[in-house]
Every structure is written in structure tokens, then in C-alpha cells.
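Quick notes on the structure that follows.
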Amino acid sequence: MEDEHELRAWLAAIGTLTSAVNAGRGLREVLDLVAATARELLGLDFCGVLVPDAAERNLVIAGWSGLSATYVARVNSDHPVRLEDDEHRGAPSSRAYRSGRPAAVSDISREPGFIWGGVAHDQDYRSMLSVPLVTASGVIGTLNSYRSAVHEFDTEETGRLQLLAEHAAIAITSARLVEDLREQHELVTRSERIHERLLRVAVRAGGMPGIAAALHDLLDTAVVLQDARGEVLAAAGPPAEPPGSGWPATAPGPELVREQDGHVVADVVLSGEVPARVWLPGHPGPLSTVDRRALEHASVVLSLELLRRRTALEVEQNLRGELLAELLGGADPRADALRDRARLLGHDLTRAHRALVGWIETTGRGSAALARRRATDEANRLASTITPRPLVAQHRDAVVALWPESATEPRAAEALRRALAAAVGVASATVAVSEPTDHEFAEAYRTARGALAVAGYGGGVVTLDGLGVAGLLLRLGDPEPLRGYAERTLGPLLRHDEQHGTALVETLRAHLANRLDRSATARALVLHPNTISQRLRRVETLTGLDLRDPAAAIEARSALTVLDVAHGLSRQDSARRS
């Protein structure tokens, strides 16, 4: 009869544990129930459930029955059970956890080196038995029984505690799974609410300031949004400077949210690049899971906001490009329709303008088209700071600006050149400047483009006055007379070079540039002086010029200049017809 009563008690206890798990009760409540069940069934004075801490270096009391809260707190904070590597050493709980077998102490006062004697005395227990909580995946903790008196734990008592520990391990594992699922559900729910709030701000045109303010409310910390050039796009919370100073537009790293230089930062990814970042300057510590999700959602919403801005800017820039193309194609800027379109875009075509033509040399890394687009973006950033605003757009393979004369400073062309050169992927930039005109924009563009062709693309600013005679000739506009003059003087050299693959024109140019010094010309062309002498004799034979005669040298120099200008103008006519 007594055995039947005991069996009923055990079955009822196991049923209570199962019901608690099925009812979705919390892990802490299940752990306390395990300890209370063991204490009641086995007639223990105290009972505790110990599990590893986060670092898995110690065992801490996670559930208990009969133990005082003071004892539990003291053990967990000051004397956690250290997990030894050797299963034969350390406290009984450590031995049971490491070996997967029960470990007992019949009299703590006689246990050598038992450092928990003080807290054991405070709790008033003299003996203990620790059995492992074993699951299919391994040991997850220990179930500890404590008695106030010296006690020898026999085989039957140990077996009973092990049997209960088996059921307890299943209950604890199930409770952990339920709690994990509950936490995941709550996390997903809160994440969805955070995402909806941030997205609502963006949809309602709150923009980046609104997103920063919402993120500040969610995280209760300073928030700074910064673009890749180092400029602050928005900020919220206590004043704070972003730690970053700009970064190259490269692919994002493996982690969207991370700690960098003692701050929390999240990349904002768009088109495979990082055009912006969210900084939490001086954030005190690691982010919680929900806070990390909030930052990740903010990054996604900011990507959408940047995409919206980029799309709007691209549409606006396309409109500017179409307007510029019409003006450079010969459309009359005095037409009311063109002036109205320009005014809507912030440009005043009633003023005199100069044509600034920018040419970039790329670094060779990445797409040249992408480098030109970035250079155009930099030029437009510069233009947006100037009133009246210059009309800037990419035109064929160059960046062209119609710059209002009233807004043209002496260093405007240099400012544009620096803006182009600052773009990622640009190695150098050259800008040519036309004379001012109130309506002949196509002609101004043609002469500036011709100046680029004459001067070359070696960087710097090119002006018509700086080209001397070539600048005067560029103002003539018609390449045919210039080409005729160059043909009469240099035609035989040009045809000889073309037919025989020689470099007589190049040799003549270098000889004139080196003040008719044959040795200097040889060094410049990395040739033997005798080779230079032979080439120059051939030049004199074909052209009928005696290069020792100063007048003949001047004629040859002028013909080369005219040839360069004619070719430059011809290139522009060809480009205009294409």
C-alpha cells in the first residue's frame, strides 16, 4: 500500500511538471517546480537546480526550494561553482556536470578544500548529492539535494534522484524551447512594429531627420546619419560629432551592424555600396537584440530613403541634361519655352554665361562611366551652393557647365576642376573655359571643347587667353581656312608619316619645343642625335623650309599651332554631328 501511494505521488509530480511545460509556464517557474518536486518526493531539506552561465565557466543556481534568496545570491555572485576541466576535481556539482555521473559529499566539514563551507554553514546543510541533468545533446545542468545532517546517500536514494533528474531534464529542455519560441515571437512582433514605425516616417516624408528622431526614441541614445563624404545628413538626441570622416564607396562588410572605434555603427547599403552610415556615438555597451534589430531596420529604411532621393535627383539631372543638350545643339536660349524650363530647374538664361568643359582621367579601377557619373554628381553639389545656379550635366564624354557670368569668380573653373577630381575613380581633371556670351552657348561650348583638344588633358584650367595664338584662332570658329594653311606648310610631312609610319611631325614639334637644339631634341625623344639630324633633313626636303632660318622656324611653329586648332575644331564638329 505504501509503495502504491509513493508511485501515485511520483506520477502526480511528473504530471505536474509536464502540465507546467504544456501550459507554457516560464523557464524559471519550471526550474523552481523541479526543485520543489525533488524536495517533496525525496524528503530533502533543500534542493537546487544549477545551470552553466553564459561563458560556461561556472554553474549558477537557477531554480531552488528551501534555499534562502540570500544564499542563492551569495553563491551566484561571490561563490559560483567553478567548472573544472578535470571531472575528478572540484565541487560535487562540477564533477557531476563534467562526468555525467552522480557526485556526493556525506559531511561537508570533513571535505578537504571545500571552499563553500561558509555558505553551507549559513544555509545550515552538512551533506549534498549532485546528479547530472542529461539530455540527448549532453549535460545541461545538475539537480542538487541538500540535507542538514551528515548523511550517506545510498544507491536507492541516488537512483531516485537520477530518475527524477531524467524527467526534469526533459521538462527543462521543453520549457527552454517554449521560452525561445516565445522570445522569438516577441522579437519578430517588436521588430515588425519598429520597421512599421520607421517606414511610416519615411512614407510620410519625414525624411532622414524623421528617421533619426524615431531611432533616437527607440534606442534612447544620440544618432548621427553621415554620408560617405563625411557630411552629416541628420542627427537626433544629445549633440554629438560622428566619429567617421568619410570613406571610399566600396562594398559593405560582412556585418551590417558592428562596433567601430568604440562606437556602434550600421552601414546603409545601396546598389552594393555604402553611401551612408548610422552612428551611435559613445554608445555605452553592446546592443540588445531588439536594439540591434531597430538599427538594422533603420538601415533598410534609410536605404529606401536614399534610393528615393537618388531617383528624384536622377530625374532632375536628366531634365538638366536634356536642357543643356538642346542649348549646346544650337537652341536659342532667348526662347520663352526654354527660359521657363530653365527657371523651374533654378537656372536663369537671361544672364551671360561661360561654357566650362571638364574632362576627367580615370584611375583605371572600376567603370569609367561610373566615374563620370560621380564626377557629375560632385559638380552638381558645387553648383547647388551657387546663386544663380550654373547648369551642369554630363554631355557625351565630358562634364559641361553653363556658368552665369555674375556667379563666375576668378577661381570658379578651378573650383569645378577640384570638384571633378574629388570624385571616386577620378585620377585628374582638366577644365576649359570659354569667353562669356549672352546667347551663343553652342559656340561657347565649341571653343571650350576645342581649347581642351589643343591644350591636351594633363590637368589644370585651360583658358583661351592662356593658349595665346591658338586661343585667338579658336575664336575664328571655321576650321577650313586653318586646315588649308596647315596643309600648305605641313601637308607633305603629314602624308609621309601616314604612308610610311614615320614620326616627322612629332620630331619637328619636339625640335621647335627644344629651341632648335638637336641634342636636347634627341634626349627628349630618347633617340640618337644622328637619327634626329636625318629626320630634320627629311623635314626640310619635304617642306622646303630651312629650319636654320628664324622666319622658317616661325612659319613651322605657326603651322603646327594652326594644325592643332583645326583638328580640335574638327573634332567638335564631328561630335556635334554624331
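FYI, nothing fancy with the C-alpha cells labels: chains A, B, ... in order, residues from 1 per chain, ligands from 1 as they appear.
Near Leu402 (chain A), within 10 Å and counting only C-alpha atoms, sit A:Leu324, A:Leu327, A:Leu328, A:His347, A:Leu349, A:Ala352, A:His353, A:Arg354, A:Ala355, A:Leu356, A:Val357, A:Arg389, A:Pro390, A:Leu391, A:Val392, A:Ala393, A:Glu405, A:Val433, A:Ser434, A:Pro436, A:Phe441, A:Ala444, A:Tyr445, not including residues fewer than 3 positions from it in the same chain.
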What's the 7 Å shell around region 149-158 of chain A, counting only C-alpha atoms, without same-chain residues fewer than 6 positions away, as a PDB file with C-alpha atoms, in the first residue's frame?
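Wrote out.pdb, looks like this:
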ATOM      1  CA  SER A 106      28.333  12.965   3.192  1.00  0.00           C
ATOM      2  CA  ASP A 107      29.964  15.514   5.550  1.00  0.00           C
ATOM      3  CA  TYR A 125      23.401  21.915   5.445  1.00  0.00           C
ATOM      4  CA  ARG A 126      26.038  19.231   6.072  1.00  0.00           C
ATOM      5  CA  SER A 127      25.664  16.822   3.116  1.00  0.00           C
TER       6      SER A 127
END
Show me, as a list in words, the residues that have an atom within 8 Å of His195 (chain A) when counting only C-alpha atoms, minus same-chain residues fewer than 3 positions from it. Ser191, Glu192, Leu198, Leu199, Ala294, His297, Ala298 and Val301 of chain A
Please produce a file of those selected residues containing all heavy atoms, as an mmCIF file, in the first residue's frame.
data_model
loop_
_atom_site.group_PDB
_atom_site.id
_atom_site.type_symbol
_atom_site.label_atom_id
_atom_site.label_comp_id
_atom_site.auth_asym_id
_atom_site.auth_seq_id
_atom_site.Cartn_x
_atom_site.Cartn_y
_atom_site.Cartn_z
ATOM 1 N N SER A 191 10.037 43.700 -33.778
ATOM 2 C CA SER A 191 10.788 44.104 -34.962
ATOM 3 C C SER A 191 9.853 44.643 -36.037
ATOM 4 O O SER A 191 10.146 45.649 -36.691
ATOM 5 C CB SER A 191 11.594 42.926 -35.511
ATOM 6 O OG SER A 191 12.577 42.523 -34.595
ATOM 7 N N GLU A 192 8.712 43.953 -36.206
ATOM 8 C CA GLU A 192 7.748 44.419 -37.205
ATOM 9 C C GLU A 192 7.202 45.804 -36.838
ATOM 10 O O GLU A 192 7.034 46.668 -37.701
ATOM 11 C CB GLU A 192 6.603 43.417 -37.324
ATOM 12 C CG GLU A 192 7.001 42.110 -38.005
ATOM 13 C CD GLU A 192 5.877 41.100 -38.026
ATOM 14 O OE1 GLU A 192 4.855 41.356 -37.356
ATOM 15 O OE2 GLU A 192 6.028 40.070 -38.705
ATOM 16 N N LEU A 198 9.392 53.090 -38.492
ATOM 17 C CA LEU A 198 10.418 53.772 -39.289
ATOM 18 C C LEU A 198 9.951 53.972 -40.731
ATOM 19 O O LEU A 198 10.183 55.030 -41.334
ATOM 20 C CB LEU A 198 11.713 52.965 -39.258
ATOM 21 C CG LEU A 198 12.426 52.893 -37.904
ATOM 22 C CD1 LEU A 198 13.525 51.838 -37.936
ATOM 23 C CD2 LEU A 198 13.015 54.248 -37.529
ATOM 24 N N LEU A 199 9.287 52.950 -41.264
ATOM 25 C CA LEU A 199 8.804 53.060 -42.641
ATOM 26 C C LEU A 199 7.709 54.115 -42.746
ATOM 27 O O LEU A 199 7.629 54.850 -43.735
ATOM 28 C CB LEU A 199 8.282 51.697 -43.102
ATOM 29 C CG LEU A 199 8.058 51.522 -44.606
ATOM 30 C CD1 LEU A 199 9.357 51.777 -45.368
ATOM 31 C CD2 LEU A 199 7.543 50.130 -44.914
ATOM 32 N N ALA A 294 16.383 47.164 -34.398
ATOM 33 C CA ALA A 294 15.943 48.526 -34.715
ATOM 34 C C ALA A 294 16.955 49.231 -35.612
ATOM 35 O O ALA A 294 16.592 49.904 -36.581
ATOM 36 C CB ALA A 294 15.725 49.321 -33.428
ATOM 37 N N HIS A 297 16.759 47.704 -39.073
ATOM 38 C CA HIS A 297 15.589 48.203 -39.806
ATOM 39 C C HIS A 297 15.799 49.652 -40.250
ATOM 40 O O HIS A 297 15.405 50.027 -41.363
ATOM 41 C CB HIS A 297 14.352 48.102 -38.917
ATOM 42 C CG HIS A 297 13.833 46.708 -38.745
ATOM 43 N ND1 HIS A 297 13.650 45.851 -39.803
ATOM 44 C CD2 HIS A 297 13.453 46.010 -37.646
ATOM 45 C CE1 HIS A 297 13.183 44.696 -39.362
ATOM 46 N NE2 HIS A 297 13.065 44.764 -38.051
ATOM 47 N N ALA A 298 16.395 50.456 -39.380
ATOM 48 C CA ALA A 298 16.666 51.841 -39.758
ATOM 49 C C ALA A 298 17.587 51.904 -40.968
ATOM 50 O O ALA A 298 17.410 52.740 -41.861
ATOM 51 C CB ALA A 298 17.288 52.595 -38.580
ATOM 52 N N VAL A 301 15.429 51.146 -44.036
ATOM 53 C CA VAL A 301 14.544 52.267 -44.372
ATOM 54 C C VAL A 301 15.352 53.436 -44.927
ATOM 55 O O VAL A 301 14.917 54.126 -45.868
ATOM 56 C CB VAL A 301 13.735 52.694 -43.129
ATOM 57 C CG1 VAL A 301 12.918 53.947 -43.426
ATOM 58 C CG2 VAL A 301 12.805 51.566 -42.701
#
I need the residues in region 128-374 of chain A that are helix (DSSP H, G or I) according to DSSP; give them as a ChimeraX atom specification. /A:155-203,207-219,289-328,336-344,368-374
Gap from CA of Arg372 (chain A) to CA of Trp359 (chain A) - Å, one decimal: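 CA of Trp359 (chain A) lies 9.0 Å from CA of Arg372 (chain A).
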Give me, as a list in words, all polymer residues having an atom no more than 7 Å from Ile211 (chain A), counting only C-alpha atoms and skipping those fewer than 4 positions away in the same chain. Leu198, Val201, Ala202, Gly206, Gly207 and Leu215 of chain A
Since we have the selection now, will you write its residues out, keeping N, CA and C atoms, as a PDB file, in the first residue's frame?
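File selection-v7.pdb, as written:
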ATOM      1  N   LEU A 198       9.392  53.090 -38.492  1.00  0.00           N
ATOM      2  CA  LEU A 198      10.418  53.772 -39.289  1.00  0.00           C
ATOM      3  C   LEU A 198       9.951  53.972 -40.731  1.00  0.00           C
ATOM      4  N   VAL A 201       7.483  56.801 -41.025  1.00  0.00           N
ATOM      5  CA  VAL A 201       8.148  58.118 -41.041  1.00  0.00           C
ATOM      6  C   VAL A 201       8.612  58.462 -42.445  1.00  0.00           C
ATOM      7  N   ALA A 202       9.236  57.471 -43.112  1.00  0.00           N
ATOM      8  CA  ALA A 202       9.741  57.726 -44.465  1.00  0.00           C
ATOM      9  C   ALA A 202       8.608  57.987 -45.443  1.00  0.00           C
ATOM     10  N   GLY A 206       8.896  62.172 -43.723  1.00  0.00           N
ATOM     11  CA  GLY A 206       9.678  62.646 -42.586  1.00  0.00           C
ATOM     12  C   GLY A 206      11.147  62.767 -42.919  1.00  0.00           C
ATOM     13  N   GLY A 207      11.560  62.037 -43.960  1.00  0.00           N
ATOM     14  CA  GLY A 207      12.940  62.124 -44.420  1.00  0.00           C
ATOM     15  C   GLY A 207      13.927  61.607 -43.402  1.00  0.00           C
ATOM     16  N   LEU A 215      14.600  56.755 -34.476  1.00  0.00           N
ATOM     17  CA  LEU A 215      15.625  55.838 -33.974  1.00  0.00           C
ATOM     18  C   LEU A 215      16.137  56.290 -32.614  1.00  0.00           C
TER      19      LEU A 215
END
In region 61-162 of chain A, what's strand (DSSP E or B) per DSSP? Answer as a list in words? Ile61, Ala62, Gly63, Trp64, Ser65, Val81, Arg82, Ala103, Ala104, Val105, Ser127, Met128, Leu129, Ser130, Val131, Pro132, Leu133, Val134, Thr135, Gly138, Val139, Ile140, Gly141, Thr142, Leu143, Asn144, Ser145, Tyr146 and Arg147 of chain A
Save the residues we just selected, N, CA and C atoms, as a PDB file, in the first residue's frame?
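That gives us result_33.pdb:
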ATOM      1  N   ILE A  61      22.948  28.831  -9.530  1.00  0.00           N
ATOM      2  CA  ILE A  61      21.653  28.298  -9.096  1.00  0.00           C
ATOM      3  C   ILE A  61      20.552  29.035  -9.847  1.00  0.00           C
ATOM      4  N   ALA A  62      19.774  28.287 -10.665  1.00  0.00           N
ATOM      5  CA  ALA A  62      18.724  28.901 -11.481  1.00  0.00           C
ATOM      6  C   ALA A  62      17.331  28.597 -10.940  1.00  0.00           C
ATOM      7  N   GLY A  63      17.191  27.558 -10.141  1.00  0.00           N
ATOM      8  CA  GLY A  63      15.908  27.233  -9.517  1.00  0.00           C
ATOM      9  C   GLY A  63      16.176  26.574  -8.183  1.00  0.00           C
ATOM     10  N   TRP A  64      15.280  26.790  -7.188  1.00  0.00           N
ATOM     11  CA  TRP A  64      15.568  26.240  -5.858  1.00  0.00           C
ATOM     12  C   TRP A  64      14.281  26.086  -5.040  1.00  0.00           C
ATOM     13  N   SER A  65      14.432  25.306  -3.963  1.00  0.00           N
ATOM     14  CA  SER A  65      13.348  25.120  -2.997  1.00  0.00           C
ATOM     15  C   SER A  65      13.989  24.946  -1.632  1.00  0.00           C
ATOM     16  N   VAL A  81      29.836  27.963  -8.631  1.00  0.00           N
ATOM     17  CA  VAL A  81      30.542  26.687  -8.699  1.00  0.00           C
ATOM     18  C   VAL A  81      31.395  26.673  -9.962  1.00  0.00           C
ATOM     19  N   ARG A  82      32.695  26.675  -9.763  1.00  0.00           N
ATOM     20  CA  ARG A  82      33.599  26.711 -10.917  1.00  0.00           C
ATOM     21  C   ARG A  82      33.598  25.362 -11.622  1.00  0.00           C
ATOM     22  N   ALA A 103      27.575  12.751  -7.898  1.00  0.00           N
ATOM     23  CA  ALA A 103      28.697  13.047  -7.000  1.00  0.00           C
ATOM     24  C   ALA A 103      28.109  13.471  -5.656  1.00  0.00           C
ATOM     25  N   ALA A 104      28.610  12.890  -4.564  1.00  0.00           N
ATOM     26  CA  ALA A 104      28.018  13.142  -3.248  1.00  0.00           C
ATOM     27  C   ALA A 104      29.099  13.527  -2.240  1.00  0.00           C
ATOM     28  N   VAL A 105      28.681  14.269  -1.194  1.00  0.00           N
ATOM     29  CA  VAL A 105      29.517  14.597  -0.041  1.00  0.00           C
ATOM     30  C   VAL A 105      28.674  14.309   1.198  1.00  0.00           C
ATOM     31  N   SER A 127      25.393  17.802   4.172  1.00  0.00           N
ATOM     32  CA  SER A 127      25.664  16.822   3.116  1.00  0.00           C
ATOM     33  C   SER A 127      24.895  17.203   1.853  1.00  0.00           C
ATOM     34  N   MET A 128      25.391  16.711   0.703  1.00  0.00           N
ATOM     35  CA  MET A 128      24.728  17.031  -0.555  1.00  0.00           C
ATOM     36  C   MET A 128      24.981  15.938  -1.582  1.00  0.00           C
ATOM     37  N   LEU A 129      24.038  15.838  -2.523  1.00  0.00           N
ATOM     38  CA  LEU A 129      24.158  14.900  -3.639  1.00  0.00           C
ATOM     39  C   LEU A 129      23.830  15.667  -4.917  1.00  0.00           C
ATOM     40  N   SER A 130      24.705  15.567  -5.901  1.00  0.00           N
ATOM     41  CA  SER A 130      24.509  16.254  -7.173  1.00  0.00           C
ATOM     42  C   SER A 130      24.421  15.220  -8.292  1.00  0.00           C
ATOM     43  N   VAL A 131      23.312  15.267  -9.059  1.00  0.00           N
ATOM     44  CA  VAL A 131      23.169  14.352 -10.206  1.00  0.00           C
ATOM     45  C   VAL A 131      23.033  15.190 -11.479  1.00  0.00           C
ATOM     46  N   PRO A 132      23.585  14.703 -12.582  1.00  0.00           N
ATOM     47  CA  PRO A 132      23.539  15.494 -13.813  1.00  0.00           C
ATOM     48  C   PRO A 132      22.157  15.462 -14.462  1.00  0.00           C
ATOM     49  N   LEU A 133      21.816  16.563 -15.115  1.00  0.00           N
ATOM     50  CA  LEU A 133      20.606  16.644 -15.938  1.00  0.00           C
ATOM     51  C   LEU A 133      21.043  16.339 -17.367  1.00  0.00           C
ATOM     52  N   VAL A 134      20.734  15.124 -17.814  1.00  0.00           N
ATOM     53  CA  VAL A 134      21.265  14.637 -19.081  1.00  0.00           C
ATOM     54  C   VAL A 134      20.169  14.626 -20.146  1.00  0.00           C
ATOM     55  N   THR A 135      20.507  15.153 -21.321  1.00  0.00           N
ATOM     56  CA  THR A 135      19.618  15.120 -22.481  1.00  0.00           C
ATOM     57  C   THR A 135      20.368  14.456 -23.635  1.00  0.00           C
ATOM     58  N   GLY A 138      23.501  16.264 -24.434  1.00  0.00           N
ATOM     59  CA  GLY A 138      24.542  16.374 -23.422  1.00  0.00           C
ATOM     60  C   GLY A 138      23.999  16.809 -22.080  1.00  0.00           C
ATOM     61  N   VAL A 139      24.902  17.089 -21.143  1.00  0.00           N
ATOM     62  CA  VAL A 139      24.521  17.533 -19.800  1.00  0.00           C
ATOM     63  C   VAL A 139      24.158  19.012 -19.844  1.00  0.00           C
ATOM     64  N   ILE A 140      22.993  19.373 -19.285  1.00  0.00           N
ATOM     65  CA  ILE A 140      22.549  20.774 -19.307  1.00  0.00           C
ATOM     66  C   ILE A 140      22.607  21.413 -17.932  1.00  0.00           C
ATOM     67  N   GLY A 141      22.928  20.643 -16.878  1.00  0.00           N
ATOM     68  CA  GLY A 141      22.999  21.201 -15.539  1.00  0.00           C
ATOM     69  C   GLY A 141      23.038  20.073 -14.513  1.00  0.00           C
ATOM     70  N   THR A 142      22.767  20.435 -13.256  1.00  0.00           N
ATOM     71  CA  THR A 142      22.731  19.427 -12.189  1.00  0.00           C
ATOM     72  C   THR A 142      21.523  19.664 -11.297  1.00  0.00           C
ATOM     73  N   LEU A 143      21.035  18.590 -10.712  1.00  0.00           N
ATOM     74  CA  LEU A 143      19.979  18.662  -9.704  1.00  0.00           C
ATOM     75  C   LEU A 143      20.627  18.307  -8.370  1.00  0.00           C
ATOM     76  N   ASN A 144      20.646  19.256  -7.451  1.00  0.00           N
ATOM     77  CA  ASN A 144      21.364  19.092  -6.185  1.00  0.00           C
ATOM     78  C   ASN A 144      20.386  18.933  -5.030  1.00  0.00           C
ATOM     79  N   SER A 145      20.648  17.930  -4.191  1.00  0.00           N
ATOM     80  CA  SER A 145      19.860  17.742  -2.961  1.00  0.00           C
ATOM     81  C   SER A 145      20.767  18.026  -1.759  1.00  0.00           C
ATOM     82  N   TYR A 146      20.201  18.669  -0.742  1.00  0.00           N
ATOM     83  CA  TYR A 146      20.971  19.065   0.444  1.00  0.00           C
ATOM     84  C   TYR A 146      20.236  18.555   1.698  1.00  0.00           C
ATOM     85  N   ARG A 147      21.036  18.075   2.666  1.00  0.00           N
ATOM     86  CA  ARG A 147      20.476  17.655   3.963  1.00  0.00           C
ATOM     87  C   ARG A 147      21.215  18.362   5.089  1.00  0.00           C
TER      88      ARG A 147
END
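Residue nearest Pro388 (chain A), chosen from A:Asp549, A:Glu414, A:Glu487, A:Asp348 and counting only C-alpha atoms: A:Asp348.
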Name the residues in contact with region 543-548 of chain A at a cut-off of 10 Å, using only C-alpha atoms, excluding same-chain residues fewer than 5 positions from it; report them as a ChimeraX atom specification. /A:488-493,508,511-512,516,536-538,553-556
Non-local contacts of Gly364 (chain A) (10 Å; only C-alpha atoms; under 3 positions in same chain excluded) as a PyMOL selection string: chain A and resi 361+367-368+371+425-427
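Between CA of His88 (chain A) and CA of Pro102 (chain A) there is a distance of 11.7 Å.
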Which residues are close to Gly459 (chain A), i.e. within 7 Å by only C-alpha atoms, leaving aside same-chain residues fewer than 3 positions away? Reply as a list in words.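 The residues satisfying every condition are Ser428, Ala429 and Thr430 of chain A.
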At what distance in Å, to one decimal, does CA of Thr173 (chain A) lie from CA of Thr70 (chain A)?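 Separation of CA of Thr70 (chain A) and CA of Thr173 (chain A): 27.3 Å.
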